[in-house]
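Source file: upload-v1.cif. Holds: mmCIF, C-alpha atoms.
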```cif
data_data
#
loop_
_atom_site.label_atom_id
_atom_site.label_comp_id
_atom_site.auth_asym_id
_atom_site.auth_seq_id
_atom_site.Cartn_x
_atom_site.Cartn_y
_atom_site.Cartn_z
CA MET U 1 -9.00 8.15 13.16
CA THR U 2 -10.20 11.58 12.09
CA ILE U 3 -13.20 13.68 13.07
CA LEU U 4 -14.68 15.55 10.12
CA TYR U 5 -16.95 18.47 11.02
CA GLU U 6 -18.99 19.61 8.01
CA PRO U 7 -22.69 20.66 8.02
CA SER U 8 -23.19 19.82 4.34
CA ARG U 9 -23.78 16.09 3.83
CA GLN U 10 -22.54 16.21 0.23
CA ALA U 11 -19.34 18.03 1.19
CA SER U 12 -18.89 15.68 4.15
CA GLN U 13 -18.99 12.63 1.88
CA HIS U 14 -16.52 14.24 -0.52
CA PHE U 15 -13.92 15.10 2.10
CA GLY U 16 -14.46 11.83 3.93
CA MET U 17 -13.51 9.95 0.75
CA LEU U 18 -10.55 12.27 0.18
CA VAL U 19 -9.09 11.75 3.64
CA GLY U 20 -9.94 8.04 3.70
CA GLY U 21 -9.43 5.64 6.58
CA ASP U 22 -11.62 5.71 9.68
CA VAL U 23 -13.44 9.05 9.52
CA ARG U 24 -16.19 9.97 11.97
CA THR U 25 -18.44 12.79 10.83
CA ALA U 26 -20.19 15.52 12.78
CA THR U 27 -22.68 18.17 11.64
CA SER U 28 -22.41 20.42 14.70
CA LEU U 29 -19.76 21.55 17.15
CA ASP U 30 -21.60 19.76 19.98
CA GLU U 31 -21.25 16.48 18.07
CA VAL U 32 -17.52 17.15 17.70
CA TYR U 33 -17.13 17.53 21.47
CA THR U 34 -19.13 14.35 22.01
CA LEU U 35 -16.83 12.39 19.68
CA LEU U 36 -13.75 13.88 21.34
CA ASN U 37 -15.00 12.86 24.77
CA GLU U 38 -15.59 9.31 23.51
CA ASP U 39 -12.04 9.01 22.20
CA PRO U 40 -9.33 10.68 24.32
CA ASP U 41 -6.67 9.54 21.84
CA GLU U 42 -8.18 11.34 18.83
CA GLN U 43 -5.53 13.50 17.17
CA LEU U 44 -7.21 15.34 14.29
CA VAL U 45 -10.34 17.40 13.71
CA LEU U 46 -10.86 18.47 10.11
CA MET U 47 -13.20 21.47 9.84
CA GLY U 48 -14.99 21.54 6.49
CA PRO U 49 -15.36 24.66 4.33
CA ASN U 50 -18.95 25.27 5.44
CA THR U 51 -18.14 25.37 9.16
CA PRO U 52 -18.00 28.84 10.77
CA ALA U 53 -14.41 29.95 11.23
CA ALA U 54 -15.35 31.18 14.72
CA GLU U 55 -16.18 27.61 15.76
CA ALA U 56 -12.79 26.35 14.57
CA VAL U 57 -11.12 29.14 16.54
CA SER U 58 -13.20 28.30 19.61
CA LEU U 59 -12.43 24.58 19.41
CA ALA U 60 -8.69 25.11 18.92
CA ALA U 61 -8.44 27.65 21.73
CA ARG U 62 -10.38 25.43 24.15
CA GLN U 63 -8.28 22.34 23.43
CA ARG U 64 -4.94 24.11 23.18
CA LEU U 65 -4.01 23.64 26.84
CA SER U 66 -6.25 20.75 27.90
CA ARG U 67 -5.42 18.57 24.89
CA PRO U 68 -2.33 19.92 23.13
CA SER U 69 -1.80 16.83 20.96
CA LEU U 70 -5.13 17.41 19.19
CA GLY U 71 -4.70 19.10 15.83
CA VAL U 72 -7.33 21.26 14.15
CA VAL U 73 -7.16 21.72 10.36
CA LEU U 74 -9.48 24.26 8.77
CA LEU U 75 -10.60 24.20 5.12
CA ARG U 76 -11.62 27.43 3.42
CA HIS U 77 -12.90 28.44 0.00
CA GLN U 78 -10.82 31.62 0.24
CA LEU U 79 -7.67 32.00 2.32
CA GLU U 80 -8.32 35.44 3.80
CA VAL U 81 -5.52 37.07 5.79
CA HIS U 82 -7.60 37.96 8.85
CA VAL U 83 -9.00 34.41 9.06
CA LEU U 84 -5.51 32.95 8.84
CA ALA U 85 -4.21 35.28 11.54
CA GLU U 86 -7.06 34.57 13.96
CA ALA U 87 -6.85 30.83 13.34
CA ILE U 88 -3.13 30.68 13.99
CA ARG U 89 -3.44 32.75 17.19
CA SER U 90 -6.10 30.38 18.53
CA GLY U 91 -4.03 27.26 17.86
CA VAL U 92 -5.43 26.00 14.54
CA ARG U 93 -2.50 24.13 13.04
CA GLU U 94 -3.28 24.38 9.35
CA VAL U 95 -5.59 26.30 7.02
CA ALA U 96 -5.88 24.65 3.60
CA ASP U 97 -7.47 25.61 0.29
CA VAL U 98 -10.60 23.51 -0.27
CA ASN U 99 -9.81 23.31 -4.01
CA ASP U 100 -6.35 21.78 -3.49
CA PRO U 101 -6.69 18.10 -2.44
CA THR U 102 -2.91 17.64 -2.24
CA SER U 103 -2.64 20.60 0.12
CA ILE U 104 -5.43 19.17 2.30
CA LEU U 105 -3.78 15.76 2.59
CA ALA U 106 -0.40 17.36 3.30
CA ALA U 107 -1.90 19.57 6.02
CA CYS U 108 -3.57 16.57 7.69
CA ALA U 109 -0.35 14.55 7.46
CA ARG U 110 1.72 17.35 9.04
CA SER U 111 -0.78 17.78 11.86
CA GLN U 112 -0.93 14.07 12.62
CA ASP U 113 2.84 13.76 12.55
CA LEU U 114 3.13 16.59 15.08
CA SER U 115 0.45 14.96 17.25
CA ARG U 116 2.36 11.70 17.31
CA ARG U 117 5.54 13.46 18.34
CA MET U 118 3.76 15.35 21.11
CA HIS U 119 1.88 12.27 22.30
CA GLY U 120 4.90 10.19 23.16
CA GLY U 121 7.91 11.00 21.05
CA LEU U 122 8.90 9.62 17.68
CA HIS U 123 11.09 6.85 19.09
CA ALA U 124 8.36 5.49 21.36
CA LYS U 125 5.86 5.56 18.51
CA THR U 126 8.27 3.80 16.18
CA SER U 127 8.79 1.09 18.77
CA GLU U 128 5.04 0.61 19.26
CA ARG U 129 4.51 0.52 15.49
CA ALA U 130 7.24 -2.08 15.04
CA ASP U 131 5.65 -4.32 17.66
CA ALA U 132 2.33 -4.13 15.80
CA ILE U 133 3.72 -5.15 12.40
CA ASP U 134 2.65 -8.59 11.32
CA GLY U 135 1.83 -8.26 7.63
CA LYS U 136 3.78 -10.31 5.09
CA VAL U 137 5.28 -8.82 1.94
CA ILE U 138 5.42 -11.11 -1.09
CA THR U 139 7.20 -9.83 -4.19
CA VAL U 140 6.32 -11.54 -7.47
CA TYR U 141 9.28 -11.34 -9.84
CA ALA U 142 10.18 -12.75 -13.24
CA ALA U 143 13.60 -12.49 -14.82
CA LYS U 144 11.94 -12.31 -18.24
CA GLY U 145 8.83 -10.51 -19.45
CA GLY U 146 5.80 -12.45 -20.61
CA CYS U 147 5.90 -15.14 -17.90
CA GLY U 148 2.48 -14.28 -16.47
CA LYS U 149 3.82 -12.48 -13.43
CA THR U 150 1.05 -9.88 -13.23
CA MET U 151 -1.63 -12.51 -13.73
CA LEU U 152 -0.20 -14.52 -10.85
CA ALA U 153 0.14 -11.48 -8.57
CA ALA U 154 -3.46 -10.37 -9.15
CA ASN U 155 -4.94 -13.84 -8.68
CA LEU U 156 -2.76 -14.51 -5.66
CA ALA U 157 -3.96 -11.29 -3.98
CA VAL U 158 -7.58 -12.33 -4.47
CA ALA U 159 -6.87 -15.87 -3.26
CA LEU U 160 -5.09 -14.63 -0.12
CA ALA U 161 -8.01 -12.34 0.73
CA ALA U 162 -10.30 -15.39 0.83
CA GLY U 163 -13.44 -13.40 0.19
CA GLY U 164 -12.58 -10.73 2.74
CA ASP U 165 -11.32 -12.91 5.60
CA LYS U 166 -7.88 -11.32 5.19
CA ARG U 167 -6.75 -7.83 4.18
CA VAL U 168 -4.50 -7.73 1.13
CA CYS U 169 -2.85 -4.85 -0.71
CA LEU U 170 -1.74 -5.44 -4.30
CA ILE U 171 0.95 -2.94 -5.34
CA ASP U 172 1.83 -2.38 -9.00
CA LEU U 173 5.51 -1.54 -8.77
CA ASP U 174 6.04 -1.54 -12.54
CA LEU U 175 6.02 2.24 -12.43
CA THR U 176 6.51 2.79 -16.16
CA LEU U 177 4.52 -0.01 -17.81
CA GLY U 178 2.29 -1.40 -15.08
CA ASP U 179 -0.62 -3.55 -16.26
CA VAL U 180 -2.55 -4.21 -13.04
CA ALA U 181 -5.12 -1.48 -13.75
CA LEU U 182 -5.68 -2.83 -17.25
CA MET U 183 -5.80 -6.45 -16.14
CA LEU U 184 -8.40 -5.69 -13.46
CA GLN U 185 -10.15 -3.03 -15.56
CA MET U 186 -9.71 -0.43 -12.82
CA SER U 187 -9.78 3.31 -13.39
CA PRO U 188 -6.42 4.77 -12.26
CA ASP U 189 -7.92 7.83 -10.57
CA ARG U 190 -5.61 7.31 -7.60
CA THR U 191 -2.08 5.94 -7.98
CA ILE U 192 1.27 5.76 -6.23
CA ALA U 193 2.08 9.06 -7.96
CA ASP U 194 -0.14 10.75 -5.35
CA ALA U 195 2.50 9.87 -2.75
CA VAL U 196 5.18 12.05 -4.39
CA PRO U 197 4.02 15.44 -2.99
CA VAL U 198 3.86 14.03 0.56
CA ALA U 199 6.86 11.69 0.31
CA ASP U 200 8.57 13.13 3.39
CA ARG U 201 5.50 12.88 5.62
CA ILE U 202 3.33 10.07 4.29
CA ASP U 203 1.38 8.10 6.88
CA GLU U 204 -1.38 5.50 6.98
CA THR U 205 -4.12 8.10 6.62
CA GLY U 206 -2.54 9.51 3.49
CA LEU U 207 -1.83 6.08 2.05
CA ARG U 208 -5.45 5.01 2.45
CA THR U 209 -6.46 7.82 0.09
CA MET U 210 -4.20 6.38 -2.62
CA VAL U 211 -5.42 2.79 -2.71
CA THR U 212 -8.52 1.62 -4.59
CA ASN U 213 -10.71 -1.23 -3.41
CA TYR U 214 -11.12 -4.00 -5.97
CA CYS U 215 -13.09 -6.70 -4.16
CA PRO U 216 -13.73 -7.72 -0.53
CA GLY U 217 -10.39 -7.74 1.27
CA VAL U 218 -8.31 -6.50 -1.67
CA ASP U 219 -7.06 -2.93 -2.11
CA VAL U 220 -4.84 -1.96 -5.02
CA LEU U 221 -2.12 0.69 -5.24
CA LEU U 222 -1.89 1.33 -8.97
CA ALA U 223 1.10 2.41 -11.04
CA PRO U 224 1.26 5.99 -12.37
CA VAL U 225 -0.61 6.82 -15.54
CA VAL U 226 2.34 8.91 -16.78
CA PRO U 227 5.51 6.75 -17.01
CA THR U 228 7.88 9.68 -16.35
CA ILE U 229 6.50 9.97 -12.82
CA ALA U 230 8.62 6.93 -11.97
CA GLU U 231 11.70 9.16 -11.93
CA ARG U 232 10.22 11.11 -9.02
CA ILE U 233 9.46 8.05 -6.90
CA SER U 234 12.48 7.30 -4.76
CA ARG U 235 13.63 4.03 -3.28
CA ASP U 236 13.03 5.47 0.20
CA LEU U 237 9.41 6.28 -0.70
CA VAL U 238 8.83 2.71 -1.88
CA SER U 239 10.37 1.41 1.35
CA GLU U 240 8.14 3.70 3.40
CA ILE U 241 5.01 2.60 1.55
CA LEU U 242 5.87 -1.05 2.12
CA TYR U 243 6.56 -0.35 5.79
CA LEU U 244 3.17 1.32 6.21
CA THR U 245 1.21 -1.30 4.29
CA ARG U 246 2.70 -4.07 6.44
CA GLY U 247 0.92 -2.51 9.41
CA MET U 248 -2.35 -2.07 7.50
CA TYR U 249 -2.73 -5.42 5.73
CA ASP U 250 -2.24 -9.11 6.44
CA TYR U 251 -0.50 -9.53 3.08
CA VAL U 252 1.16 -7.13 0.65
CA VAL U 253 1.61 -8.55 -2.85
CA VAL U 254 4.06 -6.61 -5.02
CA ASP U 255 3.95 -6.98 -8.80
CA SER U 256 7.42 -5.93 -9.92
CA PRO U 257 8.88 -5.21 -13.37
CA PRO U 258 11.31 -7.75 -14.90
CA VAL U 259 14.32 -5.51 -14.19
CA PHE U 260 16.62 -4.78 -11.29
CA ASN U 261 16.22 -1.15 -10.26
CA ASP U 262 16.05 0.76 -6.98
CA HIS U 263 12.29 0.24 -6.67
CA VAL U 264 12.59 -3.52 -7.08
CA LEU U 265 15.52 -3.75 -4.67
CA ALA U 266 13.50 -1.82 -2.07
CA ALA U 267 10.68 -4.35 -2.46
CA LEU U 268 13.02 -7.35 -2.30
CA ASP U 269 14.72 -5.98 0.80
CA ALA U 270 11.33 -5.65 2.53
CA SER U 271 9.95 -9.00 1.36
CA HIS U 272 9.27 -12.05 3.48
CA GLN U 273 8.96 -14.24 0.40
CA TYR U 274 9.97 -14.02 -3.25
CA LEU U 275 7.74 -15.65 -5.86
CA LEU U 276 10.05 -16.25 -8.81
CA VAL U 277 8.08 -16.99 -11.94
CA ALA U 278 9.24 -18.82 -15.08
CA THR U 279 7.67 -20.68 -17.99
CA PRO U 280 8.88 -23.96 -19.56
CA ALA U 281 10.96 -22.09 -22.12
CA VAL U 282 14.76 -22.34 -22.22
CA THR U 283 15.23 -18.54 -22.21
CA ALA U 284 13.01 -18.07 -19.16
CA ILE U 285 14.73 -20.91 -17.31
CA LYS U 286 18.19 -19.57 -18.17
CA ASN U 287 17.25 -16.11 -16.90
CA LEU U 288 15.83 -17.56 -13.71
CA ARG U 289 19.04 -19.49 -13.07
CA ILE U 290 21.00 -16.23 -13.38
CA LEU U 291 18.48 -14.53 -11.09
CA LEU U 292 18.96 -17.19 -8.42
CA ASP U 293 22.71 -16.65 -8.57
CA THR U 294 22.12 -12.91 -8.18
CA PHE U 295 19.93 -13.57 -5.13
CA ASP U 296 22.82 -15.53 -3.62
CA VAL U 297 25.12 -12.55 -4.10
CA LEU U 298 22.53 -10.21 -2.54
CA ASP U 299 22.10 -12.66 0.36
CA TYR U 300 18.35 -13.11 -0.05
CA ARG U 301 17.40 -16.16 1.99
CA LYS U 302 17.02 -19.37 0.03
CA GLU U 303 14.25 -20.65 2.29
CA ASN U 304 12.10 -17.65 1.34
CA ARG U 305 12.32 -18.28 -2.42
CA LEU U 306 9.30 -19.88 -4.04
CA VAL U 307 9.84 -20.95 -7.65
CA ILE U 308 6.64 -21.02 -9.68
CA LEU U 309 6.39 -22.73 -13.05
CA ASN U 310 3.62 -21.02 -14.98
CA ARG U 311 1.93 -22.48 -18.06
CA ALA U 312 3.24 -25.92 -17.17
CA ASP U 313 2.66 -28.32 -20.07
CA ALA U 314 4.50 -31.63 -20.49
CA ARG U 315 3.83 -31.51 -24.25
CA LEU U 316 6.36 -28.67 -24.61
CA GLY U 317 9.26 -31.06 -24.22
CA VAL U 318 10.68 -29.60 -21.01
CA THR U 319 9.74 -31.57 -17.89
CA PRO U 320 9.67 -30.26 -14.32
CA ALA U 321 12.57 -32.57 -13.54
CA ASP U 322 14.61 -30.96 -16.33
CA ILE U 323 13.86 -27.52 -14.94
CA GLU U 324 14.76 -28.46 -11.36
CA ARG U 325 18.04 -29.95 -12.58
CA VAL U 326 18.97 -26.67 -14.30
CA LEU U 327 17.78 -24.42 -11.48
CA ARG U 328 19.19 -26.62 -8.70
CA ILE U 329 16.13 -25.82 -6.60
CA PRO U 330 12.76 -27.61 -6.27
CA LEU U 331 9.69 -26.16 -7.93
CA THR U 332 7.26 -24.83 -5.35
CA ALA U 333 4.18 -24.90 -7.55
CA GLN U 334 3.10 -25.54 -11.11
CA ILE U 335 0.34 -23.48 -12.69
CA PRO U 336 -1.11 -25.42 -15.65
CA ALA U 337 -1.32 -23.90 -19.11
CA SER U 338 -4.82 -22.89 -20.19
CA ARG U 339 -6.34 -20.56 -22.74
CA ASP U 340 -8.99 -19.75 -20.10
CA VAL U 341 -6.41 -17.60 -18.33
CA SER U 342 -6.15 -15.30 -21.36
CA ILE U 343 -9.92 -15.16 -21.59
CA SER U 344 -10.18 -14.11 -17.94
CA ILE U 345 -7.51 -11.44 -18.47
CA ASN U 346 -9.38 -10.02 -21.46
CA ARG U 347 -12.56 -9.93 -19.37
CA GLY U 348 -10.78 -8.12 -16.54
CA VAL U 349 -11.73 -10.76 -13.96
CA PRO U 350 -9.07 -12.91 -12.20
CA ILE U 351 -9.61 -16.56 -12.98
CA VAL U 352 -9.86 -17.44 -9.28
CA LEU U 353 -13.04 -15.33 -9.25
CA ASP U 354 -14.21 -16.12 -12.77
CA SER U 355 -13.78 -19.91 -12.52
CA PRO U 356 -13.08 -20.95 -8.90
CA ALA U 357 -13.06 -24.68 -9.76
CA HIS U 358 -10.62 -24.30 -12.67
CA PRO U 359 -7.29 -26.20 -12.28
CA VAL U 360 -5.42 -22.89 -12.54
CA SER U 361 -7.54 -21.41 -9.75
CA GLU U 362 -7.03 -24.48 -7.58
CA ALA U 363 -3.25 -24.34 -8.08
CA ILE U 364 -3.11 -20.66 -7.11
CA ARG U 365 -5.32 -21.17 -4.05
CA ASP U 366 -3.14 -24.09 -2.96
CA LEU U 367 -0.10 -21.84 -3.26
CA ALA U 368 -1.82 -19.13 -1.22
CA THR U 369 -3.10 -21.53 1.43
CA HIS U 370 -0.13 -23.82 1.98
CA ARG U 371 3.02 -21.96 0.97
CA ILE U 372 2.57 -18.21 1.40
CA GLY U 373 3.49 -16.97 4.84
CA ALA U 374 4.59 -20.37 6.09
CA GLY U 375 7.89 -20.39 7.96
CA VAL U 376 9.12 -17.01 6.74
CA SER U 377 11.87 -15.03 8.44
CA THR U 378 12.48 -11.31 8.90
CA PRO U 379 13.07 -9.41 5.64
CA LYS U 380 16.64 -8.42 4.97
CA GLY U 381 15.93 -4.70 4.90
CA LEU U 382 13.49 -4.40 7.80
CA LYS U 383 16.02 -3.65 10.54
CA SER U 384 17.76 -0.95 8.52
CA MET U 385 14.36 0.52 7.59
CA LEU U 386 13.35 0.77 11.24
CA SER U 387 16.73 2.26 12.06
CA ARG U 388 16.31 4.97 9.43
CA ARG U 389 12.85 5.83 10.76
CA GLY U 390 14.13 6.07 14.32
CA LYS U 391 16.80 8.60 13.30
CA ARG U 392 14.38 10.95 11.57
#
```

Could you spell out this file's structure in structure tokens?
Amino acid sequence: MTILYEPSRQASQHFGMLVGGDVRTATSLDEVYTLLNEDPDEQLVLMGPNTPAAEAVSLAARQRLSRPSLGVVLLRHQLEVHVLAEAIRSGVREVADVNDPTSILAACARSQDLSRRMHGGLHAKTSERADAIDGKVITVYAAKGGCGKTMLAANLAVALAAGGDKRVCLIDLDLTLGDVALMLQMSPDRTIADAVPVADRIDETGLRTMVTNYCPGVDVLLAPVVPTIAERISRDLVSEILYLTRGMYDYVVVDSPPVFNDHVLAALDASHQYLLVATPAVTAIKNLRILLDTFDVLDYRKENRLVILNRADARLGVTPADIERVLRIPLTAQIPASRDVSISINRGVPIVLDSPAHPVSEAIRDLATHRIGAGVSTPKGLKSMLSRRGKR
């Protein structure tokens, strides 16, 4: 959690939204001390631009010895040399420019990282964090474009949330041509691109500022608006984001592009289940058969593969039995073909919300209720991910 001290209500709301997560606000220094006394584990006090610098200095100096793991970050309209010098001498950890949101988030992230290290050591914290992880990562993948992968990922996220009973994060990992924002008619004001400047120190607080709430229980991490940003998003950053979201949500649904690249491999390595989507078309089925062979080579567990036949229609001349014979694996679920799906996409409303009683909605909810999360094993890449974190 974070304590935000800012006398101006308007400014307080602005910076509370910027920082995100669980933020408790105070309009006076006395309120700050009250909140600190209520929570001995609090690690960050963010002093807004309208707070007197002398109060930030006083707070930092008073807590420096009695509570060394508490970080104080001061925001200023102008970074004056004498203010910086006095703040640093008193124990204020960071002074950030109020007009630079990236700098503010980075300053908070650095302070919280230092607090965690001081509080119990990085290795102890990593161990505690690992024990707390219980979220499931589900990557939705299609070996061929146009199979309805994004539609399924979006509807599945909403179905898993069950009206807010569960917490779900939908991640658009198609970093060059992602369609989740368009499909859900969301404004991409915040995207995964915001993680690039803080890639080496991203934490839950920072990540919460990058997701956008769509409906009760569902947050969305959107793809970058500028496709070239994808080049600056590393495989390690994707792995770190997935690691963090597993501790923040019950389910993480990843909508991946129909290619094998470092981003996709990072998601597959961290996934508990793989939803492999195909349509009753010979090209899609052929590509899925090759994909299954590739999964064998990469040693992705067979029991965690769920094969979904989308737009199932017996009139197309390819039966489910024909498909299972080619794939040599049973179909997990069949999503019926319907023009209503396209209508819901054009309206920007997932069909499970738009028409809950529709056969497509019922099939997706059945998949979410009875197959997702059931009998899954540890992701292939989780142990190595934890090992890398422990060595940092």

Checklist entry - If the PyMOL selection byres ((chain U and resi 235) around 8) is run on the structure shown, which residues does it catch, given as a list of chain:residue names? => result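 For this structure, the PyMOL selection byres ((chain U and resi 235) around 8) captures U:Ile233, U:Ser234, U:Asp236, U:Leu237, U:Val238, U:Ser239, U:Asp262, U:His263, U:Ala266.
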
Next on the checklist: Under the PyMOL selection byres ((chain U and resi 141) around 7), which residues of this model are included? Write them out as a ChimeraX atom specification.
Outcome noted: /U:139-140,142-143,149,255-256,258,275-277

Next on the checklist: Please determine, counting all atoms listed in the file, which residue among U:Cys169, U:Cys108, U:Ala54, U:Ile138 has the shortest atom-to-atom distance to Val211 (chain U).
Outcome noted: U:Cys169

Checklist entry - With all atoms listed in the file as the atoms that count, which of U:Arg339, U:His77, U:Arg246, U:Arg110 lies nearest to Ile171 (chain U)? => result U:Arg246

Next on the checklist: For the PyMOL selection byres ((chain U and resi 194-200) around 10), applied here, can you spell out every residue it catches as a ChimeraX atom specification?
Outcome noted: /U:102-103,105-107,109-110,189-193,201-203,206-207,209-211,224,229-230,232-234,236-238,240-241

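Minimum distance to Ala96 (chain U) across U:Ile364, U:Leu46, U:Gln112, U:Ala60 (counting only C-alpha atoms) occurs at U:Leu46.
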
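Omitting Leu35 (chain U) and its sequence neighbours fewer than 3 positions away, and counting only C-alpha atoms, the residues within 10 Å are Ile3, Arg24, Thr25, Ala26, Leu29, Asp30, Glu31, Val32, Glu38, Asp39, Pro40 and Glu42 of chain U.
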
Item to check | Between CA of Val226 (chain U) and CA of Met183 (chain U), distance in Å (one decimal) | outcome: 17.4 Å

Next on the checklist: Need to verify the contact set: Gly21 (chain U), 8 Å, all atoms listed in the file, exclusion of same-chain residues closer than 5 positions in sequence. Can you return it as a list in words?
Outcome noted: Met1, Thr205, Arg208 and Thr209 of chain U

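Across the structure, CA of Ala267 (chain U) and CA of Asp172 (chain U) are spaced 11.2 Å apart.
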
Checklist entry - Near His370 (chain U), counting only C-alpha atoms, which residues have an atom at most 12 Å away, once you skip same-chain residues fewer than 5 positions from it, shown as a PyMOL selection string? => result chain U and resi 159-160+306+332-333+362-365+375

Write the residues you've just listed into a file as a PDB file, in the frame of the given file, and include C-alpha atoms for each of them.
```
ATOM      1  CA  ALA U 159      -6.870 -15.870  -3.260  1.00  0.00           C
ATOM      2  CA  LEU U 160      -5.090 -14.630  -0.120  1.00  0.00           C
ATOM      3  CA  LEU U 306       9.300 -19.880  -4.040  1.00  0.00           C
ATOM      4  CA  THR U 332       7.260 -24.830  -5.350  1.00  0.00           C
ATOM      5  CA  ALA U 333       4.180 -24.900  -7.550  1.00  0.00           C
ATOM      6  CA  GLU U 362      -7.030 -24.480  -7.580  1.00  0.00           C
ATOM      7  CA  ALA U 363      -3.250 -24.340  -8.080  1.00  0.00           C
ATOM      8  CA  ILE U 364      -3.110 -20.660  -7.110  1.00  0.00           C
ATOM      9  CA  ARG U 365      -5.320 -21.170  -4.050  1.00  0.00           C
ATOM     10  CA  GLY U 375       7.890 -20.390   7.960  1.00  0.00           C
TER      11      GLY U 375
END
```

Item to check | CA of Met47 (chain U) to CA of Leu114 (chain U), distance in Å rounded to a single decimal | outcome: 17.8 Å

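Nearest to Thr176 (chain U) of all the residues U:Pro257, U:Gly163, U:Gly135, U:Gly247 is U:Pro257, based on all atoms listed in the file.
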
Checklist entry - Once you count all atoms listed in the file, which residues end up no further than 10 Å from (-4.6, -10.1, 5.5) in the file's frame, shown as an NGL selection string? => result :U and (134-136 or 157 or 160-162 or 164-169 or 217-218 or 246 or 248-252)

So that I have them on file, write out the residues from the current selection with C-alpha atoms, as an mmCIF file, in the coordinates of the input.
```cif
data_model
loop_
_atom_site.group_PDB
_atom_site.id
_atom_site.type_symbol
_atom_site.label_atom_id
_atom_site.label_comp_id
_atom_site.auth_asym_id
_atom_site.auth_seq_id
_atom_site.Cartn_x
_atom_site.Cartn_y
_atom_site.Cartn_z
ATOM 1 C CA ASP U 134 2.650 -8.590 11.320
ATOM 2 C CA GLY U 135 1.830 -8.260 7.630
ATOM 3 C CA LYS U 136 3.780 -10.310 5.090
ATOM 4 C CA ALA U 157 -3.960 -11.290 -3.980
ATOM 5 C CA LEU U 160 -5.090 -14.630 -0.120
ATOM 6 C CA ALA U 161 -8.010 -12.340 0.730
ATOM 7 C CA ALA U 162 -10.300 -15.390 0.830
ATOM 8 C CA GLY U 164 -12.580 -10.730 2.740
ATOM 9 C CA ASP U 165 -11.320 -12.910 5.600
ATOM 10 C CA LYS U 166 -7.880 -11.320 5.190
ATOM 11 C CA ARG U 167 -6.750 -7.830 4.180
ATOM 12 C CA VAL U 168 -4.500 -7.730 1.130
ATOM 13 C CA CYS U 169 -2.850 -4.850 -0.710
ATOM 14 C CA GLY U 217 -10.390 -7.740 1.270
ATOM 15 C CA VAL U 218 -8.310 -6.500 -1.670
ATOM 16 C CA ARG U 246 2.700 -4.070 6.440
ATOM 17 C CA MET U 248 -2.350 -2.070 7.500
ATOM 18 C CA TYR U 249 -2.730 -5.420 5.730
ATOM 19 C CA ASP U 250 -2.240 -9.110 6.440
ATOM 20 C CA TYR U 251 -0.500 -9.530 3.080
ATOM 21 C CA VAL U 252 1.160 -7.130 0.650
#
```

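For the choices U:Val282, U:Leu44, U:Leu170, U:Ala153, the atom-to-atom distance to Gln63 (chain U) is smallest for U:Leu44 when using all atoms listed in the file.
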
Next on the checklist: Considering all atoms listed in the file, can you say which of U:Val225, U:Leu367, U:Met151, U:Val57 comes closest to Glu86 (chain U)?
Outcome noted: U:Val57
